[in-house]
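Containing mmCIF, C-alpha atoms: model12.cif.
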```
data_query
loop_
_atom_site.label_atom_id
_atom_site.label_comp_id
_atom_site.auth_asym_id
_atom_site.auth_seq_id
_atom_site.Cartn_x
_atom_site.Cartn_y
_atom_site.Cartn_z
CA MET A 1 -4.88 -20.80 -31.49
CA THR A 2 -7.89 -21.60 -29.36
CA GLU A 3 -9.62 -19.10 -27.11
CA ASP A 4 -8.32 -20.96 -24.04
CA ARG A 5 -4.79 -20.48 -25.18
CA TRP A 6 -5.30 -16.72 -25.30
CA LEU A 7 -7.05 -16.66 -21.93
CA GLU A 8 -4.08 -18.47 -20.45
CA LEU A 9 -1.78 -15.67 -21.51
CA ALA A 10 -3.81 -13.02 -19.65
CA PRO A 11 -2.10 -13.48 -16.24
CA LEU A 12 1.33 -13.28 -17.89
CA HIS A 13 0.39 -10.13 -19.76
CA ALA A 14 -1.00 -8.59 -16.57
CA LEU A 15 2.45 -9.03 -15.00
CA GLY A 16 4.14 -7.54 -18.07
CA ALA A 17 5.92 -10.87 -18.60
CA LEU A 18 4.73 -11.69 -22.14
CA ASP A 19 7.19 -11.17 -24.93
CA GLY A 20 7.81 -12.21 -28.53
CA GLU A 21 5.02 -13.71 -30.58
CA ASP A 22 2.91 -14.37 -27.49
CA ARG A 23 2.78 -10.68 -26.73
CA VAL A 24 2.14 -9.52 -30.28
CA GLY A 25 -0.52 -12.19 -30.76
CA PHE A 26 -2.24 -11.53 -27.44
CA GLU A 27 -2.38 -7.79 -27.93
CA ALA A 28 -3.82 -8.21 -31.43
CA HIS A 29 -6.40 -10.70 -30.16
CA LEU A 30 -7.31 -8.58 -27.12
CA SER A 31 -8.98 -5.74 -28.96
CA GLY A 32 -11.69 -8.04 -30.29
CA CYS A 33 -12.19 -10.36 -27.31
CA LEU A 34 -14.25 -9.27 -24.32
CA ALA A 35 -13.50 -12.46 -22.40
CA CYS A 36 -9.75 -11.90 -22.61
CA ALA A 37 -10.13 -8.21 -21.77
CA ALA A 38 -12.09 -9.10 -18.62
CA GLU A 39 -9.61 -11.78 -17.68
CA LEU A 40 -6.72 -9.39 -18.17
CA ARG A 41 -8.38 -6.75 -16.03
CA ALA A 42 -9.02 -9.22 -13.21
CA HIS A 43 -5.39 -10.33 -13.26
CA GLU A 44 -4.15 -6.74 -13.38
CA ALA A 45 -6.10 -6.09 -10.19
CA VAL A 46 -4.35 -9.07 -8.56
CA VAL A 47 -0.95 -7.85 -9.77
CA ALA A 48 -1.66 -4.46 -8.17
CA LEU A 49 -2.07 -6.17 -4.79
CA VAL A 50 1.30 -7.96 -4.86
CA PRO A 51 3.34 -5.16 -3.22
CA LEU A 52 0.76 -4.34 -0.53
CA GLY A 53 2.29 -6.88 1.84
CA LEU A 54 5.69 -5.14 1.82
CA GLN A 55 6.91 -3.69 5.10
CA PRO A 56 6.75 0.11 4.71
CA VAL A 57 10.04 2.03 4.76
CA ARG A 58 9.79 5.69 5.76
CA PRO A 59 11.56 7.95 3.25
CA THR A 60 13.78 10.81 4.48
CA LEU A 61 12.19 14.02 5.72
CA THR A 62 13.89 16.00 2.95
CA LEU A 63 11.95 13.98 0.40
CA ARG A 64 8.68 15.04 2.02
CA GLN A 65 9.74 18.66 1.71
CA ARG A 66 10.79 18.14 -1.90
CA VAL A 67 7.44 16.63 -2.83
CA LEU A 68 5.31 19.22 -1.06
CA GLU A 69 7.39 22.29 -1.96
CA ARG A 70 7.68 21.35 -5.58
CA GLN A 71 3.93 21.16 -5.62
CA ASP A 72 3.61 24.58 -4.00
CA SER A 73 5.85 26.24 -6.57
CA LYS A 74 4.12 24.51 -9.44
CA SER A 75 0.63 25.63 -8.50
CA ALA A 76 1.89 29.12 -7.63
CA VAL A 77 3.06 29.42 -11.22
CA ALA A 78 -0.16 27.96 -12.53
CA VAL A 79 -2.40 30.47 -10.75
CA ALA A 80 -0.22 33.59 -11.20
CA PRO A 81 -2.31 36.19 -13.05
CA VAL A 82 -1.13 37.32 -16.46
CA ALA A 83 0.00 40.96 -16.29
CA PRO A 84 -2.17 43.27 -18.41
CA ARG A 85 -0.50 45.27 -21.17
CA ARG A 86 0.39 48.78 -20.03
CA PRO A 87 1.22 51.95 -21.96
CA TRP A 88 4.96 52.66 -21.75
CA ALA A 89 4.40 55.84 -19.72
CA THR A 90 3.03 53.94 -16.78
CA TYR A 91 5.56 51.20 -17.21
CA LEU A 92 8.37 52.80 -15.16
CA ALA A 93 6.07 53.54 -12.25
CA ALA A 94 4.75 50.02 -12.38
CA ALA A 95 8.28 48.66 -12.50
CA ALA A 96 9.31 50.72 -9.47
CA ALA A 97 6.27 49.55 -7.58
CA LEU A 98 7.02 46.05 -8.64
CA VAL A 99 10.60 46.24 -7.32
CA LEU A 100 9.37 47.62 -4.01
CA GLY A 101 6.61 45.06 -3.85
CA LEU A 102 8.98 42.23 -4.68
CA GLY A 103 11.36 43.40 -1.97
CA LEU A 104 8.56 43.35 0.58
CA LEU A 105 7.38 39.99 -0.69
CA VAL A 106 10.86 38.51 -0.37
CA VAL A 107 11.19 39.76 3.21
CA ARG A 108 7.76 38.47 4.09
CA TRP A 109 8.35 35.21 2.29
CA GLN A 110 11.61 34.61 4.16
CA ARG A 111 9.99 35.42 7.47
CA ASP A 112 7.01 33.16 6.74
CA ARG A 113 9.23 30.43 5.51
CA ALA A 114 11.33 30.51 8.68
CA ARG A 115 8.18 30.50 10.78
CA VAL A 116 6.67 27.61 8.84
CA ALA A 117 9.94 25.69 8.95
CA ALA A 118 10.18 26.09 12.71
CA ALA A 119 6.58 25.01 13.20
CA GLU A 120 7.06 22.05 10.87
CA ALA A 121 10.24 20.99 12.61
CA SER A 122 8.64 20.93 16.04
CA ALA A 123 5.52 19.18 14.71
CA GLU A 124 7.77 16.66 13.00
CA ALA A 125 9.73 16.09 16.21
CA ARG A 126 6.51 15.43 18.12
CA ARG A 127 5.30 13.11 15.41
CA LEU A 128 8.59 11.19 15.31
CA GLU A 129 8.56 10.83 19.05
CA ALA A 130 5.07 9.39 18.93
CA GLU A 131 6.03 7.11 16.08
CA LEU A 132 9.14 5.94 17.84
CA SER A 133 7.12 4.40 20.65
CA VAL A 134 4.80 2.81 18.10
CA THR A 135 7.80 1.49 16.17
CA GLN A 136 9.37 0.05 19.30
CA ARG A 137 6.14 -1.71 20.11
CA ASP A 138 5.89 -2.95 16.53
CA LEU A 139 9.43 -4.26 16.58
CA ALA A 140 8.84 -6.11 19.82
CA GLU A 141 5.85 -7.82 18.28
CA ALA A 142 7.39 -8.36 14.88
CA ALA A 143 9.38 -11.47 15.67
CA ALA A 144 6.48 -13.15 17.44
CA PHE A 145 4.12 -12.22 14.65
CA ARG A 146 6.38 -13.52 11.90
CA ALA A 147 6.94 -16.74 13.77
CA LEU A 148 3.21 -17.17 14.23
CA VAL A 149 2.26 -16.56 10.58
CA GLN A 150 4.98 -18.85 9.28
CA ARG A 151 4.48 -21.69 11.73
CA PRO A 152 3.08 -24.73 9.87
CA GLY A 153 0.47 -25.40 12.57
CA SER A 154 -0.97 -21.88 12.48
CA LEU A 155 -4.53 -21.42 11.31
CA VAL A 156 -6.21 -18.41 9.78
CA THR A 157 -9.88 -17.66 10.37
CA THR A 158 -11.73 -14.97 8.45
CA LEU A 159 -14.27 -12.89 10.38
CA ALA A 160 -17.07 -11.27 8.44
CA GLY A 161 -18.68 -7.95 9.32
CA LEU A 162 -22.19 -8.44 10.70
CA ALA A 163 -25.24 -6.18 10.38
CA ALA A 164 -23.89 -3.73 12.99
CA ALA A 165 -20.67 -3.24 10.97
CA PRO A 166 -21.15 -4.49 7.41
CA LYS A 167 -17.89 -2.97 6.19
CA ALA A 168 -15.72 -4.54 8.89
CA ARG A 169 -13.42 -7.45 8.06
CA ALA A 170 -10.88 -9.30 10.13
CA ARG A 171 -8.64 -12.30 10.28
CA VAL A 172 -7.33 -14.17 13.28
CA VAL A 173 -4.05 -16.04 12.93
CA PHE A 174 -3.59 -18.48 15.77
CA ASP A 175 -1.67 -21.52 16.87
CA PRO A 176 -3.93 -24.00 18.68
CA VAL A 177 -0.88 -25.59 20.35
CA THR A 178 0.83 -22.54 21.83
CA ARG A 179 -2.48 -20.58 21.94
CA GLU A 180 -0.86 -17.48 20.53
CA ALA A 181 -3.32 -15.44 18.45
CA ILE A 182 -3.35 -12.16 16.58
CA LEU A 183 -6.44 -10.36 15.36
CA VAL A 184 -6.08 -8.02 12.38
CA ALA A 185 -9.21 -6.00 11.64
CA SER A 186 -10.17 -3.27 9.19
CA GLY A 187 -13.23 -1.24 8.25
CA LEU A 188 -14.35 -0.68 11.84
CA ASP A 189 -16.20 2.47 12.84
CA PRO A 190 -14.67 4.45 15.70
CA ALA A 191 -15.95 3.19 19.05
CA PRO A 192 -18.49 5.64 20.54
CA GLU A 193 -17.58 7.58 23.68
CA GLY A 194 -17.16 5.21 26.64
CA LYS A 195 -17.17 2.11 24.44
CA ALA A 196 -14.54 -0.15 22.94
CA TYR A 197 -14.43 -3.32 20.93
CA GLU A 198 -13.97 -6.60 22.75
CA ALA A 199 -12.67 -9.81 21.20
CA TRP A 200 -13.99 -13.26 22.18
CA VAL A 201 -12.99 -16.86 21.69
CA ILE A 202 -15.72 -19.46 21.73
CA ALA A 203 -14.76 -23.09 22.22
CA GLY A 204 -18.02 -24.81 22.99
CA GLY A 205 -18.74 -23.15 26.34
CA ALA A 206 -19.33 -19.50 27.16
CA PRO A 207 -17.45 -16.88 25.11
CA VAL A 208 -14.07 -16.09 26.68
CA PRO A 209 -13.05 -12.39 26.59
CA VAL A 210 -9.59 -11.87 25.03
CA GLY A 211 -9.05 -8.15 25.07
CA MET A 212 -10.46 -4.71 24.47
CA PHE A 213 -9.25 -2.52 21.63
CA ARG A 214 -10.04 0.60 19.68
CA PRO A 215 -9.41 0.84 15.95
CA ASP A 216 -6.96 3.42 14.64
CA ALA A 217 -8.16 6.41 12.66
CA GLN A 218 -8.41 4.32 9.47
CA GLY A 219 -10.64 1.77 11.19
CA GLY A 220 -7.85 -0.81 11.47
CA ALA A 221 -6.48 -2.70 14.45
CA VAL A 222 -3.77 -5.27 15.05
CA VAL A 223 -4.32 -6.90 18.42
CA ARG A 224 -2.24 -9.61 20.04
CA LEU A 225 -4.72 -11.72 21.99
CA PRO A 226 -3.70 -13.14 25.36
CA ARG A 227 -3.11 -16.90 25.51
CA VAL A 228 -6.24 -18.53 26.82
CA GLU A 229 -7.23 -22.17 27.16
CA ALA A 230 -10.14 -21.74 24.73
CA THR A 231 -7.86 -20.84 21.80
CA GLY A 232 -6.59 -24.43 21.84
CA SER A 233 -10.00 -25.68 20.71
CA ALA A 234 -11.47 -22.46 19.29
CA ARG A 235 -14.58 -22.88 17.16
CA THR A 236 -15.43 -19.22 16.68
CA PHE A 237 -13.79 -15.84 17.05
CA ALA A 238 -15.99 -12.78 17.48
CA VAL A 239 -15.87 -9.07 18.26
CA THR A 240 -18.58 -7.09 20.06
CA LEU A 241 -18.99 -3.46 21.04
CA GLU A 242 -18.92 -3.11 24.84
CA PRO A 243 -18.49 -0.57 27.65
CA GLU A 244 -14.78 0.30 27.63
CA ALA A 245 -14.20 -1.24 31.06
CA GLY A 246 -14.88 -4.61 29.48
CA THR A 247 -17.47 -7.24 30.39
CA PRO A 248 -17.09 -10.91 31.37
CA ALA A 249 -19.83 -11.90 28.92
CA PRO A 250 -20.89 -10.18 25.69
CA THR A 251 -23.67 -7.60 26.11
CA GLY A 252 -23.37 -5.34 23.09
CA PRO A 253 -23.93 -5.87 19.37
CA MET A 254 -21.71 -8.42 17.64
CA VAL A 255 -19.77 -6.71 14.84
CA LEU A 256 -17.50 -9.48 13.56
CA ALA A 257 -17.64 -13.24 13.71
CA GLY A 258 -16.01 -16.17 11.99
CA ALA A 259 -16.04 -19.92 12.52
CA VAL A 260 -12.83 -21.92 12.53
CA SER A 261 -12.98 -24.28 9.57
CA MET B 1 -7.59 -4.45 30.16
CA ASP B 2 -5.40 -2.24 28.06
CA LEU B 3 -6.60 -0.59 24.92
CA ALA B 4 -4.65 -0.85 21.71
CA SER B 5 -3.85 2.75 20.92
CA PRO B 6 -4.47 4.24 17.49
CA SER B 7 -1.20 4.32 15.59
CA SER B 8 -2.01 7.32 13.46
CA ALA B 9 -3.71 10.66 13.66
CA MET B 10 -5.01 10.62 10.10
CA ASN B 11 -8.69 10.23 9.74
CA VAL B 12 -9.81 10.45 6.13
CA ALA B 13 -10.71 7.57 3.83
CA PRO B 14 -8.08 7.16 1.08
CA ARG B 15 -10.67 7.56 -1.68
CA ASP B 16 -11.81 10.89 -0.27
CA LEU B 17 -8.18 11.95 -0.26
CA VAL B 18 -7.91 11.13 -3.96
CA ARG B 19 -11.00 13.20 -4.68
CA ARG B 20 -9.43 16.14 -2.83
CA LEU B 21 -6.19 15.60 -4.75
CA ALA B 22 -8.13 15.76 -7.99
CA ALA B 23 -9.53 19.10 -6.79
CA GLN B 24 -5.88 20.18 -6.29
CA ASP B 25 -6.24 20.45 -2.51
CA GLN B 26 -2.67 20.85 -1.19
CA SER B 27 -3.41 19.62 2.31
CA ALA B 28 -4.70 16.38 0.78
CA LEU B 29 -1.33 15.85 -0.88
CA ALA B 30 0.47 16.08 2.46
CA GLU B 31 -1.93 13.60 4.06
CA PHE B 32 -1.77 11.30 1.08
CA TYR B 33 2.01 11.41 1.13
CA ASP B 34 2.26 10.77 4.87
CA ARG B 35 0.01 7.80 4.60
CA PHE B 36 1.37 6.08 1.54
CA ALA B 37 4.97 7.25 0.95
CA PRO B 38 6.43 4.52 3.21
CA LEU B 39 4.74 1.79 1.16
CA VAL B 40 5.66 3.37 -2.19
CA ASN B 41 9.22 3.81 -0.94
CA ALA B 42 9.39 0.17 0.17
CA LEU B 43 8.29 -0.95 -3.30
CA ALA B 44 10.74 1.33 -5.13
CA LEU B 45 13.55 0.16 -2.82
CA ARG B 46 12.67 -3.48 -3.41
CA ILE B 47 12.91 -2.94 -7.17
CA LEU B 48 15.87 -0.56 -7.33
CA ARG B 49 17.83 -1.52 -4.18
CA ASP B 50 19.17 2.01 -3.95
CA SER B 51 17.63 4.49 -1.55
CA SER B 52 18.46 7.57 -3.59
CA ASP B 53 16.96 6.11 -6.79
CA ALA B 54 13.97 4.91 -4.78
CA GLU B 55 13.29 8.37 -3.36
CA ASP B 56 13.45 9.88 -6.84
CA VAL B 57 10.76 7.43 -7.85
CA VAL B 58 8.65 8.26 -4.77
CA GLN B 59 8.79 11.92 -5.72
CA GLU B 60 7.78 11.18 -9.33
CA VAL B 61 4.93 8.97 -8.17
CA PHE B 62 3.39 11.61 -5.91
CA LEU B 63 3.74 14.32 -8.53
CA GLN B 64 2.06 12.06 -11.06
CA ALA B 65 -0.68 11.23 -8.55
CA TRP B 66 -1.21 14.96 -7.97
CA ARG B 67 -1.51 15.68 -11.67
CA GLN B 68 -3.55 12.62 -12.58
CA ALA B 69 -5.75 12.09 -9.54
CA ASP B 70 -8.79 12.77 -11.72
CA ARG B 71 -7.91 9.65 -13.72
CA PHE B 72 -8.06 7.39 -10.66
CA ASP B 73 -10.75 4.77 -11.21
CA PRO B 74 -11.99 3.34 -7.88
CA SER B 75 -13.57 0.38 -9.66
CA ARG B 76 -10.07 -0.88 -10.49
CA GLY B 77 -8.72 -0.99 -6.95
CA SER B 78 -7.64 0.99 -3.94
CA PRO B 79 -5.60 4.21 -4.06
CA GLU B 80 -2.60 2.41 -2.62
CA ALA B 81 -2.78 -0.26 -5.34
CA TRP B 82 -2.99 2.58 -7.90
CA LEU B 83 0.09 4.30 -6.42
CA CYS B 84 1.98 1.01 -6.38
CA THR B 85 1.13 0.37 -10.03
CA ILE B 86 2.55 3.79 -10.95
CA ALA B 87 5.58 3.21 -8.73
CA ARG B 88 6.33 -0.19 -10.19
CA THR B 89 6.18 1.10 -13.78
CA ARG B 90 8.51 3.99 -13.00
CA ALA B 91 10.94 1.96 -10.91
CA ILE B 92 11.23 -0.76 -13.56
CA ASP B 93 11.77 1.88 -16.29
CA ARG B 94 14.58 3.28 -14.20
CA LEU B 95 15.99 -0.20 -13.54
CA ARG B 96 16.08 -0.86 -17.28
CA ARG B 97 17.71 2.52 -18.00
CA ARG B 98 20.55 1.70 -15.66
CA SER B 99 20.69 -1.88 -16.98
CA ALA B 100 24.23 -1.39 -18.26
CA ARG B 101 25.41 -1.49 -14.67
CA ARG B 102 22.69 -3.75 -13.46
CA GLU B 103 23.70 -6.51 -11.15
CA GLN B 104 22.22 -9.97 -11.31
CA PRO B 105 18.56 -10.17 -10.28
CA GLU B 106 18.39 -10.49 -6.54
CA GLU B 107 18.04 -13.90 -5.05
CA SER B 108 14.61 -14.38 -3.53
CA ALA B 109 14.13 -11.76 -0.83
CA PRO B 110 13.06 -12.90 2.61
CA PRO B 111 9.38 -12.41 3.40
CA PRO B 112 8.62 -9.08 5.06
CA THR B 113 9.01 -8.96 8.80
CA GLY B 114 7.05 -6.84 11.21
CA SER B 115 3.35 -6.62 11.82
CA PRO B 116 1.40 -6.04 8.62
CA ARG B 117 -0.05 -2.56 8.12
CA ASN B 118 -3.57 -3.80 7.91
CA GLU B 119 -5.77 -6.72 7.12
CA GLU B 120 -5.20 -6.46 3.38
CA ALA B 121 -1.41 -6.56 3.86
CA LEU B 122 -1.81 -9.68 5.98
CA ALA B 123 -4.03 -11.30 3.33
CA VAL B 124 -1.46 -10.58 0.60
CA ARG B 125 1.41 -11.89 2.70
CA THR B 126 -0.50 -15.02 3.54
CA ALA B 127 -1.42 -15.56 -0.13
CA ILE B 128 2.17 -15.13 -1.31
CA ALA B 129 3.47 -17.34 1.50
CA GLY B 130 1.03 -19.98 0.24
CA LEU B 131 2.80 -20.24 -3.15
CA SER B 132 5.51 -22.81 -3.72
CA GLU B 133 9.07 -21.48 -3.59
CA ASP B 134 9.40 -21.90 -7.38
CA GLN B 135 6.14 -20.05 -8.03
CA ARG B 136 7.05 -17.21 -5.73
CA ARG B 137 10.49 -16.87 -7.29
CA ALA B 138 9.10 -16.71 -10.84
CA LEU B 139 6.40 -14.24 -9.81
CA GLU B 140 8.93 -11.99 -8.06
CA LEU B 141 11.31 -12.02 -11.02
CA ALA B 142 8.44 -10.80 -13.18
CA TYR B 143 7.01 -8.32 -10.69
CA TYR B 144 10.06 -6.85 -8.98
CA GLU B 145 12.75 -7.37 -11.63
CA GLY B 146 10.54 -6.63 -14.61
CA LEU B 147 11.78 -9.73 -16.43
CA THR B 148 9.75 -11.30 -19.24
CA GLN B 149 8.89 -14.98 -19.47
CA THR B 150 11.85 -15.66 -21.79
CA GLU B 151 14.26 -13.78 -19.52
CA ILE B 152 13.00 -15.66 -16.47
CA ALA B 153 13.39 -19.00 -18.25
CA ALA B 154 16.97 -18.07 -19.20
CA HIS B 155 17.76 -16.81 -15.72
CA LEU B 156 16.49 -19.96 -14.04
CA GLY B 157 17.75 -22.31 -16.77
CA GLU B 158 14.33 -23.86 -17.27
CA PRO B 159 12.12 -24.40 -20.34
CA LEU B 160 9.91 -21.48 -21.36
CA GLY B 161 6.75 -23.61 -21.19
CA THR B 162 7.51 -24.55 -17.59
CA ILE B 163 7.96 -20.91 -16.61
CA LYS B 164 4.74 -19.81 -18.31
CA THR B 165 2.77 -22.51 -16.53
CA ARG B 166 4.41 -21.68 -13.21
CA ILE B 167 3.63 -17.98 -13.41
CA ARG B 168 0.09 -18.61 -14.57
CA THR B 169 -0.49 -21.07 -11.73
CA ALA B 170 0.94 -18.60 -9.21
CA MET B 171 -1.34 -15.83 -10.46
CA ILE B 172 -4.41 -18.07 -10.35
CA ARG B 173 -3.61 -19.11 -6.78
CA LEU B 174 -3.19 -15.49 -5.72
CA ARG B 175 -6.44 -14.58 -7.39
CA GLU B 176 -8.25 -17.37 -5.56
CA ALA B 177 -6.63 -16.56 -2.22
CA LEU B 178 -7.35 -12.86 -2.43
CA GLY B 179 -10.96 -13.49 -3.34
CA PRO B 180 -13.33 -11.10 -5.03
CA LEU B 181 -11.61 -7.80 -5.61
CA PRO B 182 -13.06 -4.48 -4.52
CA SER B 183 -15.32 -3.05 -7.16
#
```
Kindly present the structure from the file in C-alpha cells form.
Amino acid sequence: MTEDRWLELAPLHALGALDGEDRVGFEAHLSGCLACAAELRAHEAVVALVPLGLQPVRPTLTLRQRVLERQDSKSAVAVAPVAPRRPWATYLAAAAALVLGLGLLVVRWQRDRARVAAAEASAEARRLEAELSVTQRDLAEAAAFRALVQRPGSLVTTLAGLAAAPKARARVVFDPVTREAILVASGLDPAPEGKAYEAWVIAGGAPVPVGMFRPDAQGGAVVRLPRVEATGSARTFAVTLEPEAGTPAPTGPMVLAGAVS
Amino acid sequence: MDLASPSSAMNVAPRDLVRRLAAQDQSALAEFYDRFAPLVNALALRILRDSSDAEDVVQEVFLQAWRQADRFDPSRGSPEAWLCTIARTRAIDRLRRRSARREQPEESAPPPTGSPRNEEALAVRTAIAGLSEDQRRALELAYYEGLTQTEIAAHLGEPLGTIKTRIRTAMIRLREALGPLPS
C-alpha cells in the first residue's frame, strides 16, 4: 500500500470507524509513520469538536449532588489519617473517646448537612429563577435564529480580533434581504466601568450603530442586531468599545472587524 | 439602547478550572460541572437516548475528569472537547453493552435548535450544516452510534468504498471549515 492510502485512513480511524484489515494495517503502520500520526492527531482534534454544536440539556439537580457528594466522600477517605498503633491498655479509653467523638461528629455533621442543604436549595432556587428568564429569552430567539442560520440566502462573516483585543473572535450571520443579523462573539475582555461594546454595520457610508452589548463572564456574547438599511448592502461589520450610553459614530478603539466576502 | 445581559455568573477560564481540578480543588469541580454538565449530558443523551443512562455517564465523566485532570493536554484542544471525548467513549461503551436490546440506529436527528452557546458552537453547527445529507448521516452514524465503516455500509446498503470516501470527505470538509485548531 502507498503512503497516501494510509493517510486516507487517518480520518476514519480518528472517528473510530476503521475495522478489519484496514484497522490492523493502519495501527501497525502508524507506529513508524510520523506523517500518519500527525494526520491522525489533526483529525482527532476535529472529531472532538463534532458534539460542541449540540444544544445543552441540563441534567437533574440530584445528579449534581451525586457528583459533588461522591467526590467529597472520596477525598475524605483519601485524607483520613492512619490511626497510630496503641498499647491495649489505652485502647478502651481511646475507644470510649472515639464513640463519644463520633456521636458528636454525627450530630454536628447532620446539623451542618441540613444547614448546607438549606443554603444550597435557596441558592439553587435563585439560580433557576435567573436561568428561567434567560431560557425564556433564548427560546424566543431560538426559532428566529434557526431560521436565519438555515436560510439559503444567509451569509456568514468572520470578524477578527484587532490589536485592542487580539483574543476576540466573532461571526455575524445575516440575511441581506430581510436584514436580520446575529452577532456571536467570544474572547472579549469585560467592558471597563461605564463602557460597553458597540456593533456597527458599514455599507459604504458612515458606520451605522446596531446595538450596545456587554460580554458574559466567559467573554462571550450573542446579540441580535436590529434590522437596519445598511445590512442589506453591508461591506463590513465591526465592534468598538464606547461609553455605555452609546455614540452615533465610533469614538473608541475598534476591537473586532470583518469584511463581507 | 439595551445591554445584552451576561447569562452566567461564572468567571474563570476553563483551562484554569482544569488546573484547579488537577490540584484537587473541590470548588473547581462544582464550577466545572455547572459549566459543562449540560453539554456532556446532551452528548450522552444523543448517543444513549435514555436520560437515566445519560446521567450515569455524566457522573462517570466528571469523576474521571476529577481523577485525571492532570492528564489534560491543552495542546490537544479545549476542556470541553476533552470532556466530550471522554463522554463519547463511555456512552458508546454503554451503548454496545446494552446492544442486545439496542434499537435500530436513529434516523438522522434534526439539527440543534436554540441559540448556540458560543461562537465555537456556531462554527461547528455551520460546518456540519455545510455537509451533504449523505455525508452528515455517515458521520453521525460513526460518531453518535459508534458504528464502523463496514457496519455503516451494511446499515445504509451501500458499498464499503463509497462509505469510506464519504466519511473521509466529510472529515476533510469539517477540518477545512473549522480552520486551524487551537494549539
Might you pull out every residue within 9 Å of Ala164 (chain A), with all atoms listed in the file counted and same-chain residues fewer than 4 positions away left off, and present them as a PDB file with C-alpha atoms, keeping the file's coordinate frame?
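File result_34.pdb, as written:
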```
ATOM      1  CA  PRO A 253     -23.930  -5.870  19.370  1.00  0.00           C
ATOM      2  CA  MET A 254     -21.710  -8.420  17.640  1.00  0.00           C
ATOM      3  CA  VAL A 255     -19.770  -6.710  14.840  1.00  0.00           C
ATOM      4  CA  LEU A 256     -17.500  -9.480  13.560  1.00  0.00           C
TER       5      LEU A 256
END
```
Subject >> Which residue of A:Cys33, A:Met212, A:Leu148, A:Ala168 approaches chain B most closely, using only C-alpha atoms >> reply: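 Checking each of A:Cys33, A:Met212, A:Leu148, A:Ala168 against chain B, counting only C-alpha atoms, the winner is A:Met212.
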Original post:
If you count only C-alpha atoms, which residues fall within 8 Å of region 144-152 of chain B, apart from same-chain ones fewer than 5 positions away, as a ChimeraX atom specification?
Top reply: /A:12,16-19 /B:46-47,88,92,105,138,160,163-164
**OP:** Taking the file above as input, evaluate the PyMOL selection byres ((chain B and resi 89) around 10) and report the hits as a list of chain:residue names.
**Re:**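 Those residues are A:Gly16, B:Ala44, B:Val57, B:Val61, B:Cys84, B:Thr85, B:Ile86, B:Ala87, B:Arg88, B:Arg90, B:Ala91, B:Ile92, B:Asp93, B:Arg94, B:Leu95, B:Tyr143, B:Gly146.
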Original post:
So which residues touch region 45-57 of chain A within 8 Å, counting all atoms listed in the file, skipping near sequence neighbours fewer than 3 positions away, as a VMD selection string?
Top reply: (chain A and resid 14 to 15 41 to 42) or (chain B and resid 38 to 43 76 to 77 80 to 82 84 to 85 112 to 114 116 to 117 120 to 125 171 174 to 175 178 181)
Can you write out the residues you just picked, keeping C-alpha atoms, as a PDB file, keeping the file's coordinate frame?
```
ATOM      1  CA  ALA A  14      -1.000  -8.590 -16.570  1.00  0.00           C
ATOM      2  CA  LEU A  15       2.450  -9.030 -15.000  1.00  0.00           C
ATOM      3  CA  ARG A  41      -8.380  -6.750 -16.030  1.00  0.00           C
ATOM      4  CA  ALA A  42      -9.020  -9.220 -13.210  1.00  0.00           C
TER       5      ALA A  42
ATOM      6  CA  PRO B  38       6.430   4.520   3.210  1.00  0.00           C
ATOM      7  CA  LEU B  39       4.740   1.790   1.160  1.00  0.00           C
ATOM      8  CA  VAL B  40       5.660   3.370  -2.190  1.00  0.00           C
ATOM      9  CA  ASN B  41       9.220   3.810  -0.940  1.00  0.00           C
ATOM     10  CA  ALA B  42       9.390   0.170   0.170  1.00  0.00           C
ATOM     11  CA  LEU B  43       8.290  -0.950  -3.300  1.00  0.00           C
ATOM     12  CA  ARG B  76     -10.070  -0.880 -10.490  1.00  0.00           C
ATOM     13  CA  GLY B  77      -8.720  -0.990  -6.950  1.00  0.00           C
ATOM     14  CA  GLU B  80      -2.600   2.410  -2.620  1.00  0.00           C
ATOM     15  CA  ALA B  81      -2.780  -0.260  -5.340  1.00  0.00           C
ATOM     16  CA  TRP B  82      -2.990   2.580  -7.900  1.00  0.00           C
ATOM     17  CA  CYS B  84       1.980   1.010  -6.380  1.00  0.00           C
ATOM     18  CA  THR B  85       1.130   0.370 -10.030  1.00  0.00           C
ATOM     19  CA  PRO B 112       8.620  -9.080   5.060  1.00  0.00           C
ATOM     20  CA  THR B 113       9.010  -8.960   8.800  1.00  0.00           C
ATOM     21  CA  GLY B 114       7.050  -6.840  11.210  1.00  0.00           C
ATOM     22  CA  PRO B 116       1.400  -6.040   8.620  1.00  0.00           C
ATOM     23  CA  ARG B 117      -0.050  -2.560   8.120  1.00  0.00           C
ATOM     24  CA  GLU B 120      -5.200  -6.460   3.380  1.00  0.00           C
ATOM     25  CA  ALA B 121      -1.410  -6.560   3.860  1.00  0.00           C
ATOM     26  CA  LEU B 122      -1.810  -9.680   5.980  1.00  0.00           C
ATOM     27  CA  ALA B 123      -4.030 -11.300   3.330  1.00  0.00           C
ATOM     28  CA  VAL B 124      -1.460 -10.580   0.600  1.00  0.00           C
ATOM     29  CA  ARG B 125       1.410 -11.890   2.700  1.00  0.00           C
ATOM     30  CA  MET B 171      -1.340 -15.830 -10.460  1.00  0.00           C
ATOM     31  CA  LEU B 174      -3.190 -15.490  -5.720  1.00  0.00           C
ATOM     32  CA  ARG B 175      -6.440 -14.580  -7.390  1.00  0.00           C
ATOM     33  CA  LEU B 178      -7.350 -12.860  -2.430  1.00  0.00           C
ATOM     34  CA  LEU B 181     -11.610  -7.800  -5.610  1.00  0.00           C
TER      35      LEU B 181
END
```
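Among the candidates A:Leu100, A:Leu128, A:Val67, A:Ala37, the one nearest to Gln26 (chain B) when counting all atoms listed in the file is A:Val67.
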**OP:** Enter the distance from CA of Ala10 (chain A) to CA of Ser78 (chain B), in Å, rounded to one decimal.
**Re:**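 One can read the CA of Ala10 (chain A) to CA of Ser78 (chain B) distance as 21.4 Å.
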**OP:** Point out the residue among B:Arg137, B:Arg49, B:Arg168, B:His155 with the least atom-to-atom distance to chain A, counting all atoms listed in the file.
**Re:** B:Arg168
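When CA of Val18 (chain B) is paired with CA of Leu68 (chain A), their separation reads 15.8 Å.
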Taking all atoms of region 14-29 of chain B that the file lists, what box with edges along x, y and z, padded by 5 Å per side, do you get, with centre and edge lengths in Å to one decimal, as AutoDock Vina command-line options?
```
--center_x -6.6 --center_y 14.0 --center_z -2.8 --size_x 20.5 --size_y 23.7 --size_z 20.3
```
